[in-house]
file upload10.csv (CSV, C-alpha atoms)
chain,number,residue,atom,x,y,z
T,1,MET,CA,27.9,183.9,133.9
T,2,SER,CA,30.0,182.0,136.4
T,3,GLN,CA,32.7,179.6,135.4
T,4,PRO,CA,31.7,176.0,135.3
T,5,THR,CA,32.8,174.1,138.4
T,6,SER,CA,31.5,170.6,137.6
T,7,SER,CA,31.0,168.4,134.6
T,8,SER,CA,27.3,169.0,135.1
T,9,GLU,CA,27.7,172.7,134.5
T,10,ALA,CA,30.0,172.1,131.6
T,11,GLU,CA,27.4,169.7,130.1
T,12,ARG,CA,24.8,172.4,130.6
T,13,GLU,CA,26.9,174.9,128.7
T,14,GLU,CA,28.3,172.8,125.9
T,15,GLY,CA,25.7,170.1,125.6
T,16,LEU,CA,22.8,169.5,123.2
T,17,ALA,CA,20.2,168.7,125.9
T,18,LEU,CA,17.6,171.2,127.1
T,19,ARG,CA,18.2,171.3,130.8
T,20,PRO,CA,16.7,174.6,132.0
T,21,ARG,CA,18.1,175.9,135.3
T,22,PHE,CA,14.8,177.0,136.9
T,23,ASP,CA,15.1,179.3,139.9
T,24,ALA,CA,13.7,178.6,143.4
T,25,SER,CA,10.3,179.6,142.0
T,26,GLY,CA,10.6,177.2,139.1
T,27,LEU,CA,11.1,179.9,136.5
T,28,VAL,CA,13.6,181.0,133.8
T,29,THR,CA,13.7,184.5,132.4
T,30,CYS,CA,12.5,185.0,128.9
T,31,VAL,CA,13.4,188.0,126.7
T,32,ALA,CA,11.1,188.6,123.7
T,33,THR,CA,12.5,190.7,120.8
T,34,ASP,CA,10.7,191.9,117.7
T,35,VAL,CA,12.0,189.7,114.8
T,36,THR,CA,11.8,192.7,112.4
T,37,SER,CA,13.1,195.7,114.4
T,38,GLY,CA,15.2,193.8,116.9
T,39,ASP,CA,13.7,195.8,119.8
T,40,VAL,CA,13.3,194.2,123.1
T,41,LEU,CA,9.5,193.9,123.6
T,42,MET,CA,9.3,192.5,127.1
T,43,VAL,CA,11.0,190.5,129.8
T,44,ALA,CA,8.9,187.8,131.4
T,45,HIS,CA,9.2,184.3,133.0
T,46,MET,CA,8.5,180.8,131.9
T,47,ASN,CA,8.0,177.7,134.0
T,48,ASP,CA,8.5,174.2,132.7
T,49,GLU,CA,5.0,174.0,131.3
T,50,ALA,CA,5.2,177.5,129.6
T,51,LEU,CA,8.5,176.6,128.0
T,52,ARG,CA,7.2,173.2,126.8
T,53,ARG,CA,4.0,174.7,125.4
T,54,THR,CA,5.9,177.5,123.6
T,55,ILE,CA,8.2,174.9,121.9
T,56,GLU,CA,5.3,172.7,121.0
T,57,THR,CA,2.9,175.3,119.7
T,58,GLY,CA,5.1,178.2,118.5
T,59,ASP,CA,3.0,180.6,120.5
T,60,ALA,CA,4.6,182.4,123.4
T,61,TRP,CA,3.4,181.1,126.8
T,62,TYR,CA,4.6,182.6,130.1
T,63,TYR,CA,4.1,182.2,133.8
T,64,SER,CA,2.7,185.2,135.6
T,65,ARG,CA,4.2,185.6,139.0
T,66,SER,CA,1.6,188.1,140.1
T,67,ARG,CA,-1.4,186.0,138.9
T,68,LYS,CA,0.4,182.7,139.7
T,69,ALA,CA,-0.9,181.3,136.4
T,70,LEU,CA,0.2,180.0,133.1
T,71,TRP,CA,-0.6,182.5,130.4
T,72,ARG,CA,-0.7,182.4,126.7
T,73,LYS,CA,0.5,185.8,125.5
T,74,GLY,CA,-2.4,187.6,124.0
T,75,GLU,CA,-5.1,185.4,125.4
T,76,SER,CA,-6.8,188.4,126.9
T,77,SER,CA,-5.6,191.2,124.6
T,78,GLY,CA,-5.3,189.4,121.3
T,79,GLN,CA,-1.8,190.7,121.1
T,80,VAL,CA,-0.2,187.3,120.4
T,81,GLN,CA,3.4,186.5,119.9
T,82,ARG,CA,4.4,184.0,117.2
T,83,VAL,CA,7.8,182.5,117.9
T,84,VAL,CA,10.2,182.7,114.9
T,85,GLU,CA,13.3,181.5,116.8
T,86,MET,CA,14.1,180.4,120.3
T,87,ARG,CA,17.6,180.4,121.8
T,88,MET,CA,18.8,179.5,125.3
T,89,ASP,CA,21.8,181.0,127.1
T,90,CYS,CA,25.0,179.4,128.3
T,91,ASP,CA,23.9,178.4,131.8
T,92,GLN,CA,20.3,177.7,130.7
T,93,ASP,CA,18.6,180.1,133.0
T,94,ALA,CA,17.5,182.5,130.3
T,95,ILE,CA,15.6,182.1,127.0
T,96,TRP,CA,15.5,184.5,124.1
T,97,ILE,CA,12.6,184.4,121.6
T,98,LYS,CA,12.4,186.4,118.4
T,99,VAL,CA,8.7,186.9,117.8
T,100,GLU,CA,6.2,188.3,115.3
T,101,GLN,CA,4.3,190.5,117.7
T,102,THR,CA,0.6,191.3,116.9
T,103,GLY,CA,0.0,194.9,117.9
T,104,ALA,CA,1.5,195.8,121.3
T,105,ALA,CA,3.5,193.6,123.7
T,106,CYS,CA,3.0,195.8,126.7
T,107,HIS,CA,-0.1,195.7,128.9
T,108,THR,CA,0.0,199.6,128.9
T,109,GLY,CA,-0.8,199.4,125.1
T,110,ARG,CA,2.7,200.3,123.9
T,111,ARG,CA,4.5,198.2,121.3
T,112,SER,CA,7.3,197.5,123.8
T,113,CYS,CA,7.5,197.6,127.6
T,114,PHE,CA,10.7,199.6,127.3
T,115,TYR,CA,9.1,203.0,126.5
T,116,ARG,CA,11.3,205.1,128.7
T,117,THR,CA,15.0,205.9,128.5
T,118,VAL,CA,17.3,206.5,131.4
T,119,THR,CA,20.2,208.9,131.1
T,120,LYS,CA,22.6,210.7,133.4
T,121,GLY,CA,21.0,214.0,134.4
T,122,GLU,CA,22.1,217.0,136.5
T,123,GLY,CA,24.7,216.0,139.1
T,124,GLY,CA,24.8,212.4,138.0
T,125,ALA,CA,21.2,211.6,138.9
T,126,ALA,CA,19.1,209.5,136.6
T,127,LYS,CA,16.9,211.3,134.1
T,128,VAL,CA,13.9,209.5,132.7
T,129,ALA,CA,12.2,210.3,129.4
T,130,PHE,CA,9.4,208.8,127.3
T,131,VAL,CA,10.3,207.4,123.9
T,132,ASP,CA,8.3,205.3,121.4
T,133,ALA,CA,5.5,205.6,124.0
T,134,GLU,CA,2.5,205.8,121.7
T,135,ARG,CA,-0.3,203.5,122.8
T,136,LEU,CA,-1.5,201.1,120.2
T,137,PHE,CA,-4.5,200.1,122.3
T,138,ASP,CA,-6.4,201.4,125.3
T,139,PRO,CA,-5.6,199.0,128.2
T,140,ASN,CA,-8.9,199.9,130.0
T,141,ALA,CA,-10.9,198.9,126.9
T,142,VAL,CA,-8.9,195.7,126.4
T,143,TYR,CA,-8.5,194.3,129.9
T,144,HIS,CA,-11.7,195.5,131.6
T,145,LYS,CA,-14.3,194.7,128.9
T,146,GLY,CA,-16.6,193.0,131.4
T,147,SER,CA,-16.2,195.3,134.3
S,148,MET,CA,3.1,192.7,133.4
S,149,SER,CA,0.2,192.8,135.8
S,150,GLN,CA,-2.4,195.6,135.8
S,151,PRO,CA,-1.7,198.5,138.2
S,152,THR,CA,-3.7,198.2,141.4
S,153,SER,CA,-2.6,201.4,143.1
S,154,SER,CA,-1.5,204.9,142.4
S,155,SER,CA,2.0,203.8,143.4
S,156,GLU,CA,2.1,201.2,140.6
S,157,ALA,CA,0.5,203.7,138.1
S,158,GLU,CA,3.2,206.2,139.0
S,159,ARG,CA,5.9,203.6,138.5
S,160,GLU,CA,4.5,202.8,135.0
S,161,GLU,CA,3.7,206.4,133.8
S,162,GLY,CA,6.0,208.5,135.9
S,163,LEU,CA,9.4,210.1,135.2
S,164,ALA,CA,11.1,208.9,138.3
S,165,LEU,CA,13.5,206.0,138.3
S,166,ARG,CA,12.0,203.7,141.0
S,167,PRO,CA,13.5,200.3,140.3
S,168,ARG,CA,11.5,197.4,141.7
S,169,PHE,CA,14.2,195.3,143.1
S,170,ASP,CA,13.4,191.7,143.9
S,171,ALA,CA,13.8,190.0,147.3
S,172,SER,CA,17.5,189.7,146.6
S,173,GLY,CA,17.8,193.4,145.7
S,174,LEU,CA,18.1,192.8,142.0
S,175,VAL,CA,16.6,193.8,138.7
S,176,THR,CA,17.1,191.9,135.4
S,177,CYS,CA,19.2,193.5,132.8
S,178,VAL,CA,19.2,192.5,129.1
S,179,ALA,CA,22.2,193.7,127.0
S,180,THR,CA,21.8,193.8,123.3
S,181,ASP,CA,24.4,194.6,120.6
S,182,VAL,CA,23.7,198.1,119.4
S,183,THR,CA,24.8,197.2,115.9
S,184,SER,CA,23.3,193.8,115.3
S,185,GLY,CA,20.4,194.0,117.7
S,186,ASP,CA,21.3,190.5,119.0
S,187,VAL,CA,20.7,189.7,122.7
S,188,LEU,CA,24.2,189.3,124.1
S,189,MET,CA,23.4,188.4,127.7
S,190,VAL,CA,20.9,188.5,130.6
S,191,ALA,CA,22.3,189.4,134.0
S,192,HIS,CA,21.3,191.3,137.1
S,193,MET,CA,22.0,194.7,138.6
S,194,ASN,CA,21.6,195.8,142.2
S,195,ASP,CA,21.1,199.4,143.1
S,196,GLU,CA,24.9,200.1,143.1
S,197,ALA,CA,25.5,198.5,139.7
S,198,LEU,CA,22.6,200.4,138.2
S,199,ARG,CA,23.9,203.7,139.7
S,200,ARG,CA,27.4,203.1,138.4
S,201,THR,CA,26.2,202.1,135.0
S,202,ILE,CA,24.2,205.3,134.7
S,203,GLU,CA,27.1,207.4,136.0
S,204,THR,CA,30.0,205.9,134.1
S,205,GLY,CA,28.4,204.6,130.9
S,206,ASP,CA,30.1,201.2,131.4
S,207,ALA,CA,28.0,198.2,132.2
S,208,TRP,CA,28.1,197.1,135.8
S,209,TYR,CA,26.3,194.0,137.1
S,210,TYR,CA,25.9,192.1,140.4
S,211,SER,CA,27.0,188.5,140.2
S,212,ARG,CA,24.6,186.2,142.2
S,213,SER,CA,27.2,183.4,142.2
S,214,ARG,CA,30.1,185.5,143.3
S,215,LYS,CA,27.9,187.8,145.4
S,216,ALA,CA,29.9,190.8,144.2
S,217,LEU,CA,29.5,193.9,142.1
S,218,TRP,CA,31.2,193.4,138.8
S,219,ARG,CA,32.2,195.8,136.0
S,220,LYS,CA,31.7,193.8,132.8
S,221,GLY,CA,35.0,193.1,131.3
S,222,GLU,CA,37.1,193.8,134.4
S,223,SER,CA,38.6,190.3,134.2
S,224,SER,CA,38.3,189.5,130.5
S,225,GLY,CA,38.7,193.0,128.9
S,226,GLN,CA,35.4,192.4,127.1
S,227,VAL,CA,33.8,195.6,128.2
S,228,GLN,CA,30.4,197.0,127.4
S,229,ARG,CA,29.9,200.7,126.6
S,230,VAL,CA,26.3,201.6,127.1
S,231,VAL,CA,24.8,203.5,124.2
S,232,GLU,CA,21.2,203.6,125.5
S,233,MET,CA,19.4,202.5,128.6
S,234,ARG,CA,15.7,201.8,128.9
S,235,MET,CA,13.6,200.5,131.7
S,236,ASP,CA,10.4,198.6,131.4
S,237,CYS,CA,6.8,199.4,132.5
S,238,ASP,CA,6.9,198.1,136.0
S,239,GLN,CA,10.6,198.9,136.5
S,240,ASP,CA,11.9,195.4,137.3
S,241,ALA,CA,13.9,195.1,134.0
S,242,ILE,CA,16.5,197.2,132.3
S,243,TRP,CA,17.5,197.0,128.6
S,244,ILE,CA,20.9,198.4,127.6
S,245,LYS,CA,22.1,198.7,124.0
S,246,VAL,CA,25.9,198.3,124.2
S,247,GLU,CA,29.0,198.5,122.1
S,248,GLN,CA,30.5,195.1,123.0
S,249,THR,CA,34.3,194.7,122.9
S,250,GLY,CA,34.9,191.2,121.7
S,251,ALA,CA,32.7,188.6,123.4
S,252,ALA,CA,30.0,189.0,126.0
S,253,CYS,CA,29.8,185.4,127.1
S,254,HIS,CA,32.3,183.9,129.6
S,255,THR,CA,32.6,180.8,127.2
S,256,GLY,CA,34.2,183.1,124.7
S,257,ARG,CA,31.2,183.5,122.3
S,258,ARG,CA,30.0,186.8,121.2
S,259,SER,CA,26.6,186.2,122.8
S,260,CYS,CA,25.5,183.8,125.6
S,261,PHE,CA,22.7,182.7,123.3
S,262,TYR,CA,24.7,180.4,121.0
S,263,ARG,CA,22.1,177.5,120.9
S,264,THR,CA,18.7,177.3,119.2
S,265,VAL,CA,15.8,175.3,120.5
S,266,THR,CA,13.3,173.9,118.1
S,267,LYS,CA,10.6,171.3,118.2
S,268,GLY,CA,12.1,167.9,117.4
S,269,GLU,CA,10.8,164.4,117.0
S,270,GLY,CA,7.6,163.8,118.9
S,271,GLY,CA,7.4,167.4,120.1
S,272,ALA,CA,10.6,167.1,122.2
S,273,ALA,CA,13.0,170.0,122.2
S,274,LYS,CA,15.9,169.9,119.8
S,275,VAL,CA,19.0,171.9,120.6
S,276,ALA,CA,21.6,173.1,118.0
S,277,PHE,CA,24.6,175.3,118.1
S,278,VAL,CA,24.5,178.5,116.1
S,279,ASP,CA,26.9,181.5,116.0
S,280,ALA,CA,29.0,179.5,118.5
S,281,GLU,CA,32.5,180.4,117.4
S,282,ARG,CA,34.7,181.3,120.3
S,283,LEU,CA,36.4,184.8,120.1
S,284,PHE,CA,38.6,184.0,123.0
S,285,ASP,CA,39.8,181.0,125.1
S,286,PRO,CA,38.1,181.2,128.5
S,287,ASN,CA,40.8,179.2,130.1
S,288,ALA,CA,43.5,181.6,129.0
S,289,VAL,CA,41.4,184.7,129.9
S,290,TYR,CA,40.0,183.7,133.3
S,291,HIS,CA,42.7,181.4,134.7
S,292,LYS,CA,45.8,183.4,133.8
S,293,GLY,CA,47.3,183.1,137.3
S,294,SER,CA,46.3,179.5,138.1

call {"tool": "encode", "arguments": {"input": "upload10.csv", "output": "structure tokens"}}
result
Amino acid sequence: MSQPTSSSEAEREEGLALRPRFDASGLVTCVATDVTSGDVLMVAHMNDEALRRTIETGDAWYYSRSRKALWRKGESSGQVQRVVEMRMDCDQDAIWIKVEQTGAACHTGRRSCFYRTVTKGEGGAAKVAFVDAERLFDPNAVYHKGS
Amino acid sequence: MSQPTSSSEAEREEGLALRPRFDASGLVTCVATDVTSGDVLMVAHMNDEALRRTIETGDAWYYSRSRKALWRKGESSGQVQRVVEMRMDCDQDAIWIKVEQTGAACHTGRRSCFYRTVTKGEGGAAKVAFVDAERLFDPNAVYHKGS
């Protein structure tokens, strides 16, 4: 969101070349929204390989920072994401994909990872409440099948 | 998106306490969407103070990594964001705000920072195209008024 200070940055913002600005860990942020409802389903990360595979295959691939591994969304859970449209942002450090989500995007079994609202409560403190928090699958059954 | 491995992580996912998981730089990712169209307007970052002020005031505050400064969205450009709803994600390292956006969210003058699509081109290479890229303001006039 900073102003361009070089022709390289201007080119990144106004050009037609995909030149992702990966962070120190080699990642860009990816926001996945439901193509039908418009809801944000999840925020995750892509490395160069995940981004390339997503563009090539039309399935969402991510890079898991905790597992340090490339990851095709749904490969364990079956809850795959089919990419309908991909966009990149001005400075090319964030990707937005509109997806057809099979089942639930969240590993907790909810449709979206964003199943809690935050509002201003008593005395200005934050108040958290569940919303759209119904589970579409049981994460213990899905992820721990063999254990 | 990893499985919880401790009661602390389970509490963060299923609890009613706001316990943001700030990264090494003290930041969480924030996705702002247009409350009317559902479009993703921008992806930015919040530190503890930006998050607190956003909750308290209902205006979107961010932390600029490039300027290393707290920043009320629109304070230079007048393109403010009024927060209609805030949600946090499962592991509390990402925030989603639905906003009423005055004018344009992007510093380039576009409504959204995501004004380019990425598709699979010839031979599997990425093909970039502008879409919804009309400028609502002239960034040189807005940001360089005094220079």

call {"tool": "atom_distance", "arguments": {"input": "upload10.csv", "atom1": "atom CA of S:Thr201", "atom2": "atom CA of S:Ala171"}}
result
21.2 Å

call {"tool": "residues_around", "arguments": {"input": "upload10.csv", "residues": "T:Gln79", "least_positions_apart": "6", "cutoff": "9 Å", "atoms": "only C-alpha atoms", "output": "list in words"}}
result
Lys73, Gln101, Thr102, Gly103, Ala104, Ala105 and Cys106 of chain T

call {"tool": "calpha_fit_and_write", "arguments": {"input": "upload10.csv", "fixed": "chain S", "moving": "chain T", "output": "tab-separated table (two decimals) with C-alpha atoms, keeping the file's coordinate frame"}}
result
chain	number	residue	atom	x	y	z
T	1	MET	CA	3.01	192.72	133.31
T	2	SER	CA	0.18	192.91	135.81
T	3	GLN	CA	-2.37	195.65	135.81
T	4	PRO	CA	-1.70	198.49	138.15
T	5	THR	CA	-3.71	198.23	141.36
T	6	SER	CA	-2.56	201.38	143.18
T	7	SER	CA	-1.51	204.89	142.36
T	8	SER	CA	1.98	203.79	143.32
T	9	GLU	CA	2.07	201.24	140.54
T	10	ALA	CA	0.55	203.66	138.12
T	11	GLU	CA	3.22	206.24	139.09
T	12	ARG	CA	5.83	203.57	138.51
T	13	GLU	CA	4.51	202.91	135.03
T	14	GLU	CA	3.70	206.38	133.81
T	15	GLY	CA	6.04	208.48	135.87
T	16	LEU	CA	9.39	210.14	135.15
T	17	ALA	CA	11.14	208.93	138.34
T	18	LEU	CA	13.56	206.00	138.41
T	19	ARG	CA	12.04	203.75	141.00
T	20	PRO	CA	13.47	200.28	140.31
T	21	ARG	CA	11.39	197.38	141.68
T	22	PHE	CA	14.26	195.26	143.07
T	23	ASP	CA	13.40	191.66	143.89
T	24	ALA	CA	13.80	189.99	147.32
T	25	SER	CA	17.52	189.74	146.52
T	26	GLY	CA	17.76	193.41	145.69
T	27	LEU	CA	18.18	192.87	141.97
T	28	VAL	CA	16.55	193.84	138.63
T	29	THR	CA	17.12	191.90	135.44
T	30	CYS	CA	19.21	193.50	132.79
T	31	VAL	CA	19.17	192.52	129.09
T	32	ALA	CA	22.20	193.64	127.04
T	33	THR	CA	21.77	193.83	123.23
T	34	ASP	CA	24.40	194.58	120.62
T	35	VAL	CA	23.70	198.19	119.41
T	36	THR	CA	24.76	197.22	115.84
T	37	SER	CA	23.26	193.75	115.22
T	38	GLY	CA	20.44	193.94	117.72
T	39	ASP	CA	21.32	190.48	119.10
T	40	VAL	CA	20.72	189.74	122.67
T	41	LEU	CA	24.23	189.35	124.20
T	42	MET	CA	23.40	188.34	127.74
T	43	VAL	CA	20.90	188.46	130.55
T	44	ALA	CA	22.28	189.46	133.92
T	45	HIS	CA	21.28	191.31	137.16
T	46	MET	CA	21.93	194.69	138.61
T	47	ASN	CA	21.61	195.85	142.19
T	48	ASP	CA	21.15	199.46	143.17
T	49	GLU	CA	24.86	200.15	143.13
T	50	ALA	CA	25.41	198.41	139.69
T	51	LEU	CA	22.56	200.37	138.17
T	52	ARG	CA	23.82	203.68	139.63
T	53	ARG	CA	27.39	203.05	138.49
T	54	THR	CA	26.26	202.07	134.96
T	55	ILE	CA	24.26	205.36	134.64
T	56	GLU	CA	27.09	207.40	136.02
T	57	THR	CA	29.96	205.90	134.09
T	58	GLY	CA	28.40	204.51	130.88
T	59	ASP	CA	30.12	201.22	131.49
T	60	ALA	CA	27.99	198.18	132.20
T	61	TRP	CA	28.17	197.07	135.86
T	62	TYR	CA	26.30	194.00	137.16
T	63	TYR	CA	25.81	192.06	140.33
T	64	SER	CA	26.96	188.47	140.25
T	65	ARG	CA	24.68	186.24	142.20
T	66	SER	CA	27.12	183.37	142.20
T	67	ARG	CA	30.13	185.49	143.32
T	68	LYS	CA	27.91	187.79	145.44
T	69	ALA	CA	29.88	190.78	144.11
T	70	LEU	CA	29.55	193.89	142.11
T	71	TRP	CA	31.23	193.45	138.77
T	72	ARG	CA	32.26	195.74	136.05
T	73	LYS	CA	31.70	193.86	132.79
T	74	GLY	CA	35.03	193.08	131.32
T	75	GLU	CA	37.09	193.75	134.39
T	76	SER	CA	38.60	190.32	134.16
T	77	SER	CA	38.28	189.58	130.43
T	78	GLY	CA	38.67	193.02	128.93
T	79	GLN	CA	35.47	192.41	127.10
T	80	VAL	CA	33.81	195.67	128.21
T	81	GLN	CA	30.40	196.92	127.39
T	82	ARG	CA	29.91	200.62	126.59
T	83	VAL	CA	26.32	201.68	127.15
T	84	VAL	CA	24.79	203.54	124.15
T	85	GLU	CA	21.22	203.62	125.52
T	86	MET	CA	19.46	202.46	128.63
T	87	ARG	CA	15.71	201.87	128.87
T	88	MET	CA	13.58	200.58	131.76
T	89	ASP	CA	10.36	198.57	131.46
T	90	CYS	CA	6.84	199.40	132.51
T	91	ASP	CA	6.92	198.00	136.04
T	92	GLN	CA	10.60	198.90	136.55
T	93	ASP	CA	11.86	195.47	137.28
T	94	ALA	CA	13.82	195.08	134.08
T	95	ILE	CA	16.46	197.22	132.30
T	96	TRP	CA	17.50	197.04	128.69
T	97	ILE	CA	20.92	198.37	127.59
T	98	LYS	CA	22.11	198.68	124.02
T	99	VAL	CA	25.87	198.32	124.21
T	100	GLU	CA	29.03	198.49	122.11
T	101	GLN	CA	30.44	195.14	123.09
T	102	THR	CA	34.28	194.66	122.95
T	103	GLY	CA	34.92	191.15	121.70
T	104	ALA	CA	32.68	188.52	123.35
T	105	ALA	CA	29.95	189.00	125.98
T	106	CYS	CA	29.86	185.41	127.06
T	107	HIS	CA	32.28	183.90	129.58
T	108	THR	CA	32.52	180.81	127.21
T	109	GLY	CA	34.24	183.18	124.66
T	110	ARG	CA	31.26	183.49	122.32
T	111	ARG	CA	30.00	186.87	121.15
T	112	SER	CA	26.61	186.17	122.75
T	113	CYS	CA	25.45	183.83	125.52
T	114	PHE	CA	22.62	182.70	123.27
T	115	TYR	CA	24.66	180.34	121.03
T	116	ARG	CA	22.17	177.54	120.88
T	117	THR	CA	18.73	177.34	119.30
T	118	VAL	CA	15.82	175.33	120.56
T	119	THR	CA	13.32	173.85	118.15
T	120	LYS	CA	10.58	171.25	118.20
T	121	GLY	CA	12.15	167.88	117.38
T	122	GLU	CA	10.81	164.34	116.89
T	123	GLY	CA	7.56	163.80	118.80
T	124	GLY	CA	7.43	167.33	120.10
T	125	ALA	CA	10.60	167.11	122.18
T	126	ALA	CA	13.03	169.98	122.24
T	127	LYS	CA	15.94	169.85	119.82
T	128	VAL	CA	19.03	171.87	120.61
T	129	ALA	CA	21.58	173.06	118.06
T	130	PHE	CA	24.68	175.27	118.08
T	131	VAL	CA	24.56	178.50	116.11
T	132	ASP	CA	26.94	181.50	115.99
T	133	ALA	CA	29.00	179.46	118.50
T	134	GLU	CA	32.49	180.42	117.40
T	135	ARG	CA	34.70	181.34	120.33
T	136	LEU	CA	36.31	184.71	120.10
T	137	PHE	CA	38.58	183.98	123.06
T	138	ASP	CA	39.76	180.98	125.04
T	139	PRO	CA	38.04	181.22	128.47
T	140	ASN	CA	40.84	179.13	130.14
T	141	ALA	CA	43.47	181.62	128.90
T	142	VAL	CA	41.39	184.63	129.93
T	143	TYR	CA	39.99	183.68	133.32
T	144	HIS	CA	42.74	181.43	134.71
T	145	LYS	CA	45.86	183.46	133.80
T	146	GLY	CA	47.29	183.11	137.30
T	147	SER	CA	46.37	179.57	138.02

call {"tool": "residues_around", "arguments": {"input": "upload10.csv", "residues": "T:Ala94", "least_positions_apart": "3", "cutoff": "8 Å", "atoms": "all atoms listed in the file", "output": "list of chain:residue names"}}
result
T:Val28, T:Thr29, T:Cys30, T:Val31, T:Met88, T:Asp89, T:Asp91, S:Val190

call {"tool": "residues_around", "arguments": {"input": "upload10.csv", "residues": "stretch 276-278 of chain S", "least_positions_apart": "3", "cutoff": "7 Å", "atoms": "all atoms listed in the file", "output": "VMD selection string"}}
result
(chain T and resid 16) or (chain S and resid 262 to 265)

call {"tool": "atom_distance", "arguments": {"input": "upload10.csv", "atom1": "atom CA of T:Val35", "atom2": "atom CA of T:Arg72"}}
result
18.9 Å

call {"tool": "closest_residue", "arguments": {"input": "upload10.csv", "among": "T:Cys90, T:Trp96, T:Leu51, T:Tyr143", "to": "T:Glu14", "atoms": "only C-alpha atoms"}}
result
T:Cys90

call {"tool": "residues_around", "arguments": {"input": "upload10.csv", "residues": "stretch 133-140 of chain T", "least_positions_apart": "5", "cutoff": "6 Å", "atoms": "all atoms listed in the file", "output": "mmCIF file with C-alpha atoms, keeping the file's coordinate frame"}}
result
data_model
loop_
_atom_site.group_PDB
_atom_site.id
_atom_site.type_symbol
_atom_site.label_atom_id
_atom_site.label_comp_id
_atom_site.auth_asym_id
_atom_site.auth_seq_id
_atom_site.Cartn_x
_atom_site.Cartn_y
_atom_site.Cartn_z
ATOM 1 C CA THR T 108 0.000 199.600 128.900
ATOM 2 C CA GLY T 109 -0.800 199.400 125.100
ATOM 3 C CA ARG T 110 2.700 200.300 123.900
ATOM 4 C CA TYR T 115 9.100 203.000 126.500
#

call {"tool": "atom_distance", "arguments": {"input": "upload10.csv", "atom1": "atom CA of S:Gly225", "atom2": "atom CA of T:Glu11"}}
result
25.9 Å

call {"tool": "residues_around", "arguments": {"input": "upload10.csv", "residues": "S:Gly271", "least_positions_apart": "6", "cutoff": "10 Å", "atoms": "all atoms listed in the file", "output": "MDAnalysis selection string"}}
result
chainID T and resid 52:53 55:57

call {"tool": "closest_residue", "arguments": {"input": "upload10.csv", "among": "T:Arg111, T:Leu18, T:Val142, T:Lys68", "to": "chain S", "atoms": "only C-alpha atoms"}}
result
T:Leu18

call {"tool": "closest_residue", "arguments": {"input": "upload10.csv", "among": "T:Asp132, T:Asp59, T:Glu100, T:Glu85", "to": "chain S", "atoms": "only C-alpha atoms"}}
result
T:Glu85

call {"tool": "closest_residue", "arguments": {"input": "upload10.csv", "among": "S:Gln239, S:Ser213, S:Thr266, S:Ser259", "to": "S:Ala157", "atoms": "all atoms listed in the file"}}
result
S:Gln239

call {"tool": "closest_residue", "arguments": {"input": "upload10.csv", "among": "S:Gly221, S:Phe261, S:Phe169, S:Glu160", "to": "S:Val275", "atoms": "all atoms listed in the file"}}
result
S:Phe261

call {"tool": "closest_residue", "arguments": {"input": "upload10.csv", "among": "S:Ser154, S:Ser172, S:Asn194, S:Ser211", "to": "chain T", "atoms": "all atoms listed in the file"}}
result
S:Ser211

call {"tool": "residues_near_point", "arguments": {"input": "upload10.csv", "point": "(12.1, 196.1, 123.1)", "cutoff": "8 Å", "atoms": "all atoms listed in the file", "output": "PyMOL selection string"}}
result
(chain T and resi 32-34+38-42+112-114) or (chain S and resi 243)
